[in-house]
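So this one's run_9.csv, CSV, C-alpha atoms:
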```csv
chain,number,residue,atom,x,y,z
A,1,MET,CA,17.2,9.2,-4.8
A,2,THR,CA,15.8,12.1,-2.7
A,3,ASN,CA,15.8,12.4,1.0
A,4,SER,CA,12.9,11.8,3.3
A,5,ALA,CA,12.8,15.5,4.5
A,6,GLU,CA,12.1,16.6,0.9
A,7,ASP,CA,9.4,14.0,0.5
A,8,LEU,CA,7.7,15.0,3.7
A,9,ARG,CA,7.8,18.6,2.7
A,10,LEU,CA,6.0,17.7,-0.6
A,11,TRP,CA,3.4,15.6,1.3
A,12,ASP,CA,2.8,18.5,3.7
A,13,ALA,CA,2.1,20.7,0.7
A,14,ALA,CA,-0.1,18.1,-0.9
A,15,ALA,CA,-2.1,17.4,2.3
A,16,SER,CA,-5.2,19.4,1.6
A,17,ALA,CA,-5.6,18.2,-2.0
A,18,TYR,CA,-4.8,14.6,-1.0
A,19,ALA,CA,-7.3,14.6,1.9
A,20,GLY,CA,-10.0,16.0,-0.4
A,21,HIS,CA,-9.7,13.2,-2.9
A,22,VAL,CA,-8.5,10.0,-1.2
A,23,ASP,CA,-11.4,8.0,0.3
A,24,GLY,CA,-13.9,9.9,-1.7
A,25,PRO,CA,-16.1,8.7,-4.6
A,26,ALA,CA,-13.2,9.1,-7.1
A,27,ASP,CA,-10.8,7.0,-5.1
A,28,THR,CA,-10.6,4.1,-7.5
A,29,PHE,CA,-7.5,2.6,-5.7
A,30,TYR,CA,-9.5,1.8,-2.6
A,31,ARG,CA,-12.5,0.6,-4.6
A,32,ARG,CA,-10.2,-1.9,-6.3
A,33,VAL,CA,-8.4,-3.3,-3.3
A,34,SER,CA,-11.0,-3.1,-0.5
A,35,GLY,CA,-12.3,-6.6,-1.0
A,36,PHE,CA,-8.8,-8.1,-0.8
A,37,LEU,CA,-7.8,-5.9,2.1
A,38,TRP,CA,-10.7,-6.8,4.3
A,39,ASP,CA,-10.6,-10.4,3.4
A,40,ARG,CA,-7.0,-10.6,4.6
A,41,LEU,CA,-7.6,-8.5,7.7
A,42,GLY,CA,-10.5,-10.7,8.7
A,43,VAL,CA,-12.5,-9.9,11.8
A,44,VAL,CA,-10.6,-7.1,13.5
A,45,GLN,CA,-12.8,-6.8,16.6
A,46,GLY,CA,-10.5,-6.5,19.6
A,47,LEU,CA,-7.3,-6.7,17.6
A,48,ASP,CA,-4.4,-4.3,17.7
A,49,VAL,CA,-3.9,-2.8,14.3
A,50,LEU,CA,-1.3,-0.4,12.9
A,51,ASP,CA,-2.1,1.8,10.0
A,52,LEU,CA,1.3,2.5,8.5
A,53,GLY,CA,1.5,5.7,6.5
A,54,CYS,CA,-2.0,6.5,7.7
A,55,GLY,CA,-2.2,9.9,6.0
A,56,HIS,CA,-5.3,11.8,7.1
A,57,GLY,CA,-6.6,8.8,9.0
A,58,TRP,CA,-9.7,7.7,7.0
A,59,LEU,CA,-8.7,4.0,6.8
A,60,ALA,CA,-7.7,3.9,10.5
A,61,GLU,CA,-11.2,5.2,11.3
A,62,GLU,CA,-12.7,2.4,9.1
A,63,MET,CA,-10.8,-0.2,11.1
A,64,ARG,CA,-11.7,1.5,14.4
A,65,ARG,CA,-15.4,1.3,13.5
A,66,ALA,CA,-14.9,-2.4,12.8
A,67,GLY,CA,-13.8,-2.8,16.4
A,68,ALA,CA,-10.0,-2.7,16.2
A,69,ARG,CA,-7.7,-0.9,18.6
A,70,VAL,CA,-6.0,1.3,16.0
A,71,ALA,CA,-2.8,3.3,15.9
A,72,GLY,CA,-1.7,5.4,13.0
A,73,ILE,CA,1.8,6.5,12.0
A,74,ASP,CA,2.8,9.0,9.2
A,75,GLY,CA,5.7,11.3,8.5
A,76,SER,CA,3.6,14.3,7.3
A,77,ALA,CA,2.6,16.7,10.0
A,78,ALA,CA,0.0,18.3,7.8
A,79,LEU,CA,-1.8,15.0,7.0
A,80,LEU,CA,-1.7,14.1,10.7
A,81,ALA,CA,-3.3,17.4,11.6
A,82,GLU,CA,-6.2,16.5,9.3
A,83,ALA,CA,-6.3,13.0,10.9
A,84,ARG,CA,-6.4,14.3,14.5
A,85,SER,CA,-9.0,16.9,13.8
A,86,HIS,CA,-11.4,14.4,12.2
A,87,TYR,CA,-10.7,11.2,14.3
A,88,PRO,CA,-9.7,12.2,17.8
A,89,ALA,CA,-10.4,8.7,19.2
A,90,ILE,CA,-7.4,7.3,17.4
A,91,ASP,CA,-3.7,7.6,18.5
A,92,PHE,CA,-1.8,9.2,15.7
A,93,GLU,CA,2.0,9.6,15.8
A,94,GLN,CA,4.4,11.5,13.5
A,95,TYR,CA,7.5,9.5,12.6
A,96,ASP,CA,9.8,9.3,9.5
A,97,LEU,CA,9.2,5.8,8.2
A,98,THR,CA,12.6,5.6,6.5
A,99,ARG,CA,13.8,5.1,10.1
A,100,GLY,CA,11.5,2.1,10.6
A,101,LEU,CA,8.9,2.0,13.4
A,102,PRO,CA,9.2,4.2,16.5
A,103,ARG,CA,8.7,1.3,18.9
A,104,PRO,CA,9.5,-1.9,17.0
A,105,LEU,CA,9.0,-4.0,20.1
A,106,ARG,CA,5.3,-3.1,20.3
A,107,GLN,CA,3.2,-6.0,19.0
A,108,TYR,CA,0.3,-5.9,16.5
A,109,ASP,CA,-2.1,-8.4,15.1
A,110,ARG,CA,-2.5,-6.6,11.8
A,111,ILE,CA,-0.4,-4.0,10.0
A,112,VAL,CA,-1.8,-2.2,7.0
A,113,ALA,CA,0.1,0.0,4.5
A,114,HIS,CA,-2.4,1.2,1.8
A,115,MET,CA,-0.7,3.0,-1.1
A,116,VAL,CA,2.3,4.2,0.8
A,117,LEU,CA,5.4,2.0,0.4
A,118,MET,CA,6.2,3.2,-3.2
A,119,ASP,CA,6.4,6.8,-1.8
A,120,ILE,CA,9.1,6.0,0.8
A,121,PRO,CA,12.7,6.2,-0.4
A,122,THR,CA,14.2,3.4,1.7
A,123,LEU,CA,12.2,0.5,3.1
A,124,ASP,CA,14.7,-2.1,4.5
A,125,ARG,CA,14.5,-0.9,8.1
A,126,LEU,CA,10.8,-0.4,8.0
A,127,LEU,CA,10.0,-3.9,6.6
A,128,ALA,CA,12.3,-5.5,9.2
A,129,ASP,CA,10.5,-3.6,11.9
A,130,VAL,CA,7.1,-4.6,10.5
A,131,ALA,CA,8.1,-8.3,10.7
A,132,ALA,CA,9.4,-7.9,14.2
A,133,ALA,CA,6.2,-6.1,15.3
A,134,LEU,CA,3.8,-8.8,14.1
A,135,ARG,CA,2.5,-11.3,16.6
A,136,PRO,CA,2.4,-15.0,15.7
A,137,GLY,CA,-0.4,-15.5,13.2
A,138,GLY,CA,-0.4,-11.8,12.4
A,139,VAL,CA,-1.0,-10.3,9.0
A,140,PHE,CA,0.8,-7.6,7.0
A,141,VAL,CA,-1.2,-6.4,4.1
A,142,PHE,CA,-0.2,-3.6,1.7
A,143,SER,CA,-1.1,-2.1,-1.6
A,144,ILE,CA,1.2,-0.3,-4.1
A,145,LEU,CA,1.1,1.0,-7.6
A,146,HIS,CA,1.9,-1.9,-9.9
A,147,PRO,CA,5.6,-1.9,-10.6
A,148,ALA,CA,5.3,-3.3,-14.1
A,149,PHE,CA,2.4,-1.3,-15.5
A,150,PHE,CA,1.8,1.9,-13.6
A,151,SER,CA,2.9,5.1,-15.3
A,152,ARG,CA,3.7,3.2,-18.5
A,153,ALA,CA,3.2,4.9,-21.9
A,154,ILE,CA,0.0,3.8,-23.7
A,155,VAL,CA,0.7,2.9,-27.4
A,156,ASP,CA,-2.6,3.8,-29.0
A,157,GLU,CA,-1.7,3.6,-32.7
A,158,ALA,CA,0.0,0.3,-33.1
A,159,PRO,CA,0.2,-1.2,-36.6
A,160,ASP,CA,-2.2,-4.0,-35.7
A,161,GLY,CA,-4.7,-1.5,-34.4
A,162,GLU,CA,-4.4,-2.7,-30.8
A,163,ARG,CA,-3.6,-0.7,-27.7
A,164,TYR,CA,-0.6,-1.6,-25.6
A,165,ARG,CA,1.3,-0.5,-22.5
A,166,LYS,CA,5.0,0.0,-23.2
A,167,VAL,CA,7.1,-1.5,-20.4
A,168,THR,CA,10.8,-0.6,-20.3
A,169,GLY,CA,13.4,-0.6,-17.6
A,170,TYR,CA,11.3,-2.7,-15.3
A,171,LEU,CA,14.1,-4.2,-13.2
A,172,GLU,CA,15.8,-0.8,-12.7
A,173,HIS,CA,15.3,1.1,-9.4
A,174,GLU,CA,14.1,4.6,-10.3
A,175,THR,CA,12.9,7.7,-8.7
A,176,ARG,CA,10.0,9.2,-10.7
A,177,TRP,CA,8.0,12.4,-10.4
A,178,ILE,CA,4.2,12.0,-10.1
A,179,GLU,CA,2.1,15.1,-10.7
A,180,SER,CA,-0.9,14.0,-8.5
A,181,PHE,CA,-1.8,16.2,-5.6
A,182,GLY,CA,0.7,18.9,-6.6
A,183,GLY,CA,3.6,16.5,-7.1
A,184,HIS,CA,5.6,13.9,-5.2
A,185,HIS,CA,8.2,11.3,-5.7
A,186,HIS,CA,7.5,7.7,-6.6
A,187,TYR,CA,10.2,5.0,-5.9
A,188,HIS,CA,10.0,2.2,-8.5
A,189,ARG,CA,11.1,-1.2,-7.3
A,190,PRO,CA,10.3,-4.5,-9.2
A,191,LEU,CA,7.9,-6.9,-7.6
A,192,SER,CA,10.7,-9.4,-6.9
A,193,TRP,CA,12.4,-6.8,-4.7
A,194,TYR,CA,9.3,-6.7,-2.4
A,195,VAL,CA,9.0,-10.4,-2.3
A,196,GLU,CA,12.7,-11.0,-1.5
A,197,ARG,CA,12.7,-8.4,1.2
A,198,LEU,CA,9.6,-9.8,2.9
A,199,VAL,CA,11.0,-13.4,2.8
A,200,ARG,CA,14.4,-12.1,4.1
A,201,CYS,CA,12.5,-10.5,7.0
A,202,GLY,CA,10.8,-13.8,7.9
A,203,LEU,CA,7.5,-13.1,6.3
A,204,ALA,CA,5.7,-15.6,4.0
A,205,ILE,CA,3.5,-14.3,1.1
A,206,THR,CA,-0.1,-15.5,1.7
A,207,GLY,CA,-1.9,-13.6,-1.0
A,208,LEU,CA,-1.3,-11.4,-4.1
A,209,HIS,CA,-4.1,-9.4,-5.8
A,210,GLU,CA,-3.9,-7.6,-9.2
A,211,PRO,CA,-7.3,-5.8,-9.5
A,212,PRO,CA,-8.5,-4.5,-12.8
A,213,ALA,CA,-8.2,-0.8,-13.3
A,214,LEU,CA,-11.5,1.1,-12.8
A,215,PRO,CA,-12.9,4.2,-14.4
A,216,GLY,CA,-12.8,7.4,-12.2
A,217,ALA,CA,-16.6,7.3,-11.7
A,218,ASP,CA,-18.2,4.2,-10.1
A,219,ILE,CA,-20.3,3.2,-13.1
A,220,PRO,CA,-21.6,-0.3,-14.1
A,221,GLU,CA,-19.2,-2.3,-16.3
A,222,THR,CA,-22.0,-2.6,-18.9
A,223,HIS,CA,-21.6,1.2,-19.4
A,224,TRP,CA,-17.8,1.2,-19.9
A,225,THR,CA,-16.4,2.5,-23.1
A,226,ASP,CA,-14.1,0.3,-25.2
A,227,TYR,CA,-11.1,2.2,-23.9
A,228,GLN,CA,-12.2,1.6,-20.3
A,229,LYS,CA,-12.7,-2.1,-20.9
A,230,TRP,CA,-9.2,-2.3,-22.4
A,231,PHE,CA,-7.7,-0.2,-19.6
A,232,SER,CA,-9.2,-2.6,-17.0
A,233,THR,CA,-7.3,-5.6,-18.4
A,234,ILE,CA,-3.8,-4.3,-17.3
A,235,PRO,CA,-3.6,-3.7,-13.6
A,236,THR,CA,-2.0,-0.5,-12.4
A,237,MET,CA,-1.9,-1.5,-8.7
A,238,LEU,CA,-1.4,-4.6,-6.7
A,239,ALA,CA,-1.8,-5.8,-3.1
A,240,LEU,CA,0.1,-8.4,-1.1
A,241,SER,CA,-0.5,-10.1,2.2
A,242,ALA,CA,2.2,-11.8,4.3
A,243,SER,CA,2.5,-13.5,7.7
A,244,PRO,CA,5.4,-14.6,9.9
A,245,PHE,CA,6.9,-18.0,8.9
A,246,GLU,CA,5.6,-20.9,10.9
A,247,PRO,CA,7.8,-24.0,11.4
A,248,PHE,CA,6.9,-27.1,9.4
A,249,PRO,CA,5.1,-29.7,11.6
A,250,SER,CA,7.5,-32.5,12.5
A,251,PRO,CA,6.0,-35.2,10.1
A,252,LEU,CA,6.4,-32.8,7.2
A,253,ARG,CA,10.0,-32.0,8.2
A,254,ARG,CA,10.8,-35.7,8.3
A,255,THR,CA,9.2,-36.2,4.9
A,256,LEU,CA,11.2,-33.3,3.4
A,257,GLY,CA,14.4,-34.6,5.0
```

Have the structure of the file written as structure tokens, please.
Amino acid sequence: MTNSAEDLRLWDAAASAYAGHVDGPADTFYRRVSGFLWDRLGVVQGLDVLDLGCGHGWLAEEMRRAGARVAGIDGSAALLAEARSHYPAIDFEQYDLTRGLPRPLRQYDRIVAHMVLMDIPTLDRLLADVAAALRPGGVFVFSILHPAFFSRAIVDEAPDGERYRKVTGYLEHETRWIESFGGHHHYHRPLSWYVERLVRCGLAITGLHEPPALPGADIPETHWTDYQKWFSTIPTMLALSASPFEPFPSPLRRTLG
């Protein structure tokens, strides 16, 4: 386990490379999850939305253009400098997310965390604050690298001629090193950990999405190679949506009793 100061130093160093790649044509992660994300967000016109781990602010700007009142929070000063320079209409705040939210009593209709939770060393306080910050009927939607299949070795010369992903140690919590954008830490947690923590915080899972992996270039599926077709069948990211628990209506409670 590393500490948040080290992680934030690495993200400050990676800021320029990250901002130059993420949200661009090669950003397959957003291409994969955007449909699910916006379906779960719904119409955001006039809603209060928090972009959690907003980075250089591009997704916050997308939601602002859709009519939301958006705030963005991130721990990286360098990424927030990029955000503020490009999107001055949005309120961005620097805060170490391992400490939770800076003002957990502030209420939001939607909270989004796109490709960030697996980069934070501790999440318990943050998830509790997210649950507390959601208004009744609010939605928390997040995407992460797939705990089961991301960064797993590809077995390309199996005896039967098939390709496989080799999955080992799935249930173990691990800190891994990812080379992307100059290098940063990845905190592996099994999917059950995320589900259990959300439920413990009073959030009910309302959706789960495992999109197919896509080629780096946005090309028609009819032009994919055999390898790209195989690669797409094992998801390397997933997205979840959750909302505050609502009490059972009285007739249902009586039936269950």

Quiz item: Using all atoms listed in the file, what residues lie at most 9 Å away from (15.7, 4.3, 3.8) (file coordinates), given as a ChimeraX atom specification?
Solution: /A:3-4,97-100,120-126

Quiz prompt | Counting all atoms listed in the file, the residue of A:Glu196, A:Asp74, A:Asp226, A:Asp27 that sits nearest A:Ala15 | solution =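 Distance minimum relative to A:Ala15 lands on A:Asp74.
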
Quiz item: With only C-alpha atoms as the atoms that count, which of A:Arg65, A:His209, A:Arg163, A:Arg9 lies nearest to A:Leu145?
Solution: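 Of all the options, A:His209 lies closest to A:Leu145.
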
Practice problem: Tell me which protein, DNA and RNA residues are within 9 Å of stretch 181-183 of chain A, counting only C-alpha atoms, leaving out same-chain ones fewer than 6 positions away, and put them as a list in words. | Solution: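 The neighbour list is Leu10, Trp11, Ala13, Ala14, Ala15, Ser16, Ala17, Tyr18 and His21 of chain A.
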
Could you write out the selected residues, including C-alpha atoms, as a CSV table (one decimal), in the coordinates of the input?
```csv
chain,number,residue,atom,x,y,z
A,10,LEU,CA,6.0,17.7,-0.6
A,11,TRP,CA,3.4,15.6,1.3
A,13,ALA,CA,2.1,20.7,0.7
A,14,ALA,CA,-0.1,18.1,-0.9
A,15,ALA,CA,-2.1,17.4,2.3
A,16,SER,CA,-5.2,19.4,1.6
A,17,ALA,CA,-5.6,18.2,-2.0
A,18,TYR,CA,-4.8,14.6,-1.0
A,21,HIS,CA,-9.7,13.2,-2.9
```

Determine, for each residue of stretch 10-125 of chain A having at least one atom at most 12 Å from an atom of stretch 130-140 of chain A, the closest pair of atoms and their separation in Å to one decimal, counting all atoms listed in the file; order by chain and ascending number, as JSON lines.
```
{"residue": "A:Leu37", "atom": "CA", "partner": "A:Phe140", "partner_atom": "CA", "distance": 10.0}
{"residue": "A:Trp38", "atom": "CA", "partner": "A:Val139", "partner_atom": "CA", "distance": 11.3}
{"residue": "A:Asp39", "atom": "CA", "partner": "A:Val139", "partner_atom": "CA", "distance": 11.1}
{"residue": "A:Arg40", "atom": "CA", "partner": "A:Val139", "partner_atom": "CA", "distance": 7.4}
{"residue": "A:Leu41", "atom": "CA", "partner": "A:Val139", "partner_atom": "CA", "distance": 7.0}
{"residue": "A:Gly42", "atom": "CA", "partner": "A:Val139", "partner_atom": "CA", "distance": 9.5}
{"residue": "A:Val43", "atom": "CA", "partner": "A:Val139", "partner_atom": "CA", "distance": 11.8}
{"residue": "A:Val44", "atom": "CA", "partner": "A:Val139", "partner_atom": "CA", "distance": 11.1}
{"residue": "A:Leu47", "atom": "CA", "partner": "A:Gly138", "partner_atom": "CA", "distance": 10.0}
{"residue": "A:Asp48", "atom": "CA", "partner": "A:Arg135", "partner_atom": "CA", "distance": 9.9}
{"residue": "A:Val49", "atom": "CA", "partner": "A:Val139", "partner_atom": "CA", "distance": 9.6}
{"residue": "A:Leu50", "atom": "CA", "partner": "A:Phe140", "partner_atom": "CA", "distance": 9.5}
{"residue": "A:Asp51", "atom": "CA", "partner": "A:Phe140", "partner_atom": "CA", "distance": 10.3}
{"residue": "A:Leu52", "atom": "CA", "partner": "A:Val130", "partner_atom": "CA", "distance": 9.4}
{"residue": "A:Leu97", "atom": "CA", "partner": "A:Val130", "partner_atom": "CA", "distance": 10.9}
{"residue": "A:Arg99", "atom": "CA", "partner": "A:Val130", "partner_atom": "CA", "distance": 11.8}
{"residue": "A:Gly100", "atom": "CA", "partner": "A:Val130", "partner_atom": "CA", "distance": 8.0}
{"residue": "A:Leu101", "atom": "CA", "partner": "A:Val130", "partner_atom": "CA", "distance": 7.4}
{"residue": "A:Pro102", "atom": "CA", "partner": "A:Ala133", "partner_atom": "CA", "distance": 10.8}
{"residue": "A:Arg103", "atom": "CA", "partner": "A:Ala133", "partner_atom": "CA", "distance": 8.6}
{"residue": "A:Pro104", "atom": "CA", "partner": "A:Ala133", "partner_atom": "CA", "distance": 5.6}
{"residue": "A:Leu105", "atom": "CA", "partner": "A:Ala133", "partner_atom": "CA", "distance": 5.9}
{"residue": "A:Arg106", "atom": "CA", "partner": "A:Ala133", "partner_atom": "CA", "distance": 5.9}
{"residue": "A:Gln107", "atom": "CA", "partner": "A:Ala133", "partner_atom": "CA", "distance": 4.8}
{"residue": "A:Tyr108", "atom": "CA", "partner": "A:Leu134", "partner_atom": "CA", "distance": 5.1}
{"residue": "A:Asp109", "atom": "CA", "partner": "A:Gly138", "partner_atom": "CA", "distance": 4.7}
{"residue": "A:Arg110", "atom": "CA", "partner": "A:Val139", "partner_atom": "CA", "distance": 4.9}
{"residue": "A:Ile111", "atom": "CA", "partner": "A:Phe140", "partner_atom": "CA", "distance": 4.8}
{"residue": "A:Val112", "atom": "CA", "partner": "A:Phe140", "partner_atom": "CA", "distance": 6.0}
{"residue": "A:Ala113", "atom": "CA", "partner": "A:Phe140", "partner_atom": "CA", "distance": 8.0}
{"residue": "A:His114", "atom": "CA", "partner": "A:Phe140", "partner_atom": "CA", "distance": 10.7}
{"residue": "A:Leu123", "atom": "CA", "partner": "A:Val130", "partner_atom": "CA", "distance": 10.3}
{"residue": "A:Asp124", "atom": "CA", "partner": "A:Val130", "partner_atom": "CA", "distance": 10.0}
{"residue": "A:Arg125", "atom": "CA", "partner": "A:Val130", "partner_atom": "CA", "distance": 8.6}
```

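A straight line drawn from atom CA of A:Ser76 to atom CA of A:His56 is 9.2 Å long.
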
Exercise. Using only C-alpha atoms, find the one residue out of A:Ser85, A:Thr236, A:Gln94, A:Leu127 that sits nearest to A:Trp193.
Key: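 Distance minimum relative to A:Trp193 lands on A:Leu127.
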
Quiz prompt | Gap from atom CA of A:Val116 to atom CA of A:Trp224 - Å, one decimal | solution = 29.0 Å

Self-check item: Counting only C-alpha atoms, the residue of A:Ile234, A:Val199, A:Ala71, A:Ala83 that sits nearest A:Ala19
Solution: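 For A:Ala19, the nearest of the given residues is A:Ala83.
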
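Using all atoms listed in the file, the smallest distance between any of A:Leu191, A:His184, A:Gly20, A:Tyr30 and A:Leu171 comes from A:Leu191.
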
Quiz item: Expressed in Å to a single decimal, how great is the separation between atom CA of A:Leu238 and atom CA of A:Glu179?
Solution: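 Rounded to one decimal, the two atoms are 20.4 Å apart.
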
Self-check item: Ref. answer, residues at most 12 Å from (-7.3, 2.8, 18.7) with only C-alpha atoms, as JSON, numbers by chain
Solution: {"A": [44, 45, 46, 47, 48, 49, 50, 51, 57, 60, 61, 62, 63, 64, 65, 66, 67, 68, 69, 70, 71, 72, 73, 87, 88, 89, 90, 91, 92, 93, 108]}

Quiz prompt | Residue nearest A:His188 - candidates A:Pro220, A:Gly202, A:Gly207, A:Pro147, atoms counted: only C-alpha atoms | solution = A:Pro147

Quiz item: Could you name the residues that touch A:Trp230 at 12 Å or less, counting all atoms listed in the file, but leaving out those on the same chain fewer than 4 positions away, as a list in words?
Solution: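 Within the cut-off, the hits are Ile154, Asp156, Glu162, Arg163, Tyr164, Arg165, Pro212, Ala213, Leu214, Pro215, Glu221, Trp224, Thr225, Asp226, Ile234 and Pro235 of chain A.
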
Preceding selection exported with C-alpha atoms as a tab-separated table (two decimals), in the coordinates of the input:
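Listing of selection_19.tsv after writing:
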```tsv
chain	number	residue	atom	x	y	z
A	154	ILE	CA	0.00	3.80	-23.70
A	156	ASP	CA	-2.60	3.80	-29.00
A	162	GLU	CA	-4.40	-2.70	-30.80
A	163	ARG	CA	-3.60	-0.70	-27.70
A	164	TYR	CA	-0.60	-1.60	-25.60
A	165	ARG	CA	1.30	-0.50	-22.50
A	212	PRO	CA	-8.50	-4.50	-12.80
A	213	ALA	CA	-8.20	-0.80	-13.30
A	214	LEU	CA	-11.50	1.10	-12.80
A	215	PRO	CA	-12.90	4.20	-14.40
A	221	GLU	CA	-19.20	-2.30	-16.30
A	224	TRP	CA	-17.80	1.20	-19.90
A	225	THR	CA	-16.40	2.50	-23.10
A	226	ASP	CA	-14.10	0.30	-25.20
A	234	ILE	CA	-3.80	-4.30	-17.30
A	235	PRO	CA	-3.60	-3.70	-13.60
```

Quiz prompt | Polymer residues at most 6 Å from A:Ala239, all atoms listed in the file, same-chain spacing of 4 or more positions, as a PyMOL selection string | solution = chain A and resi 142-143+208-209
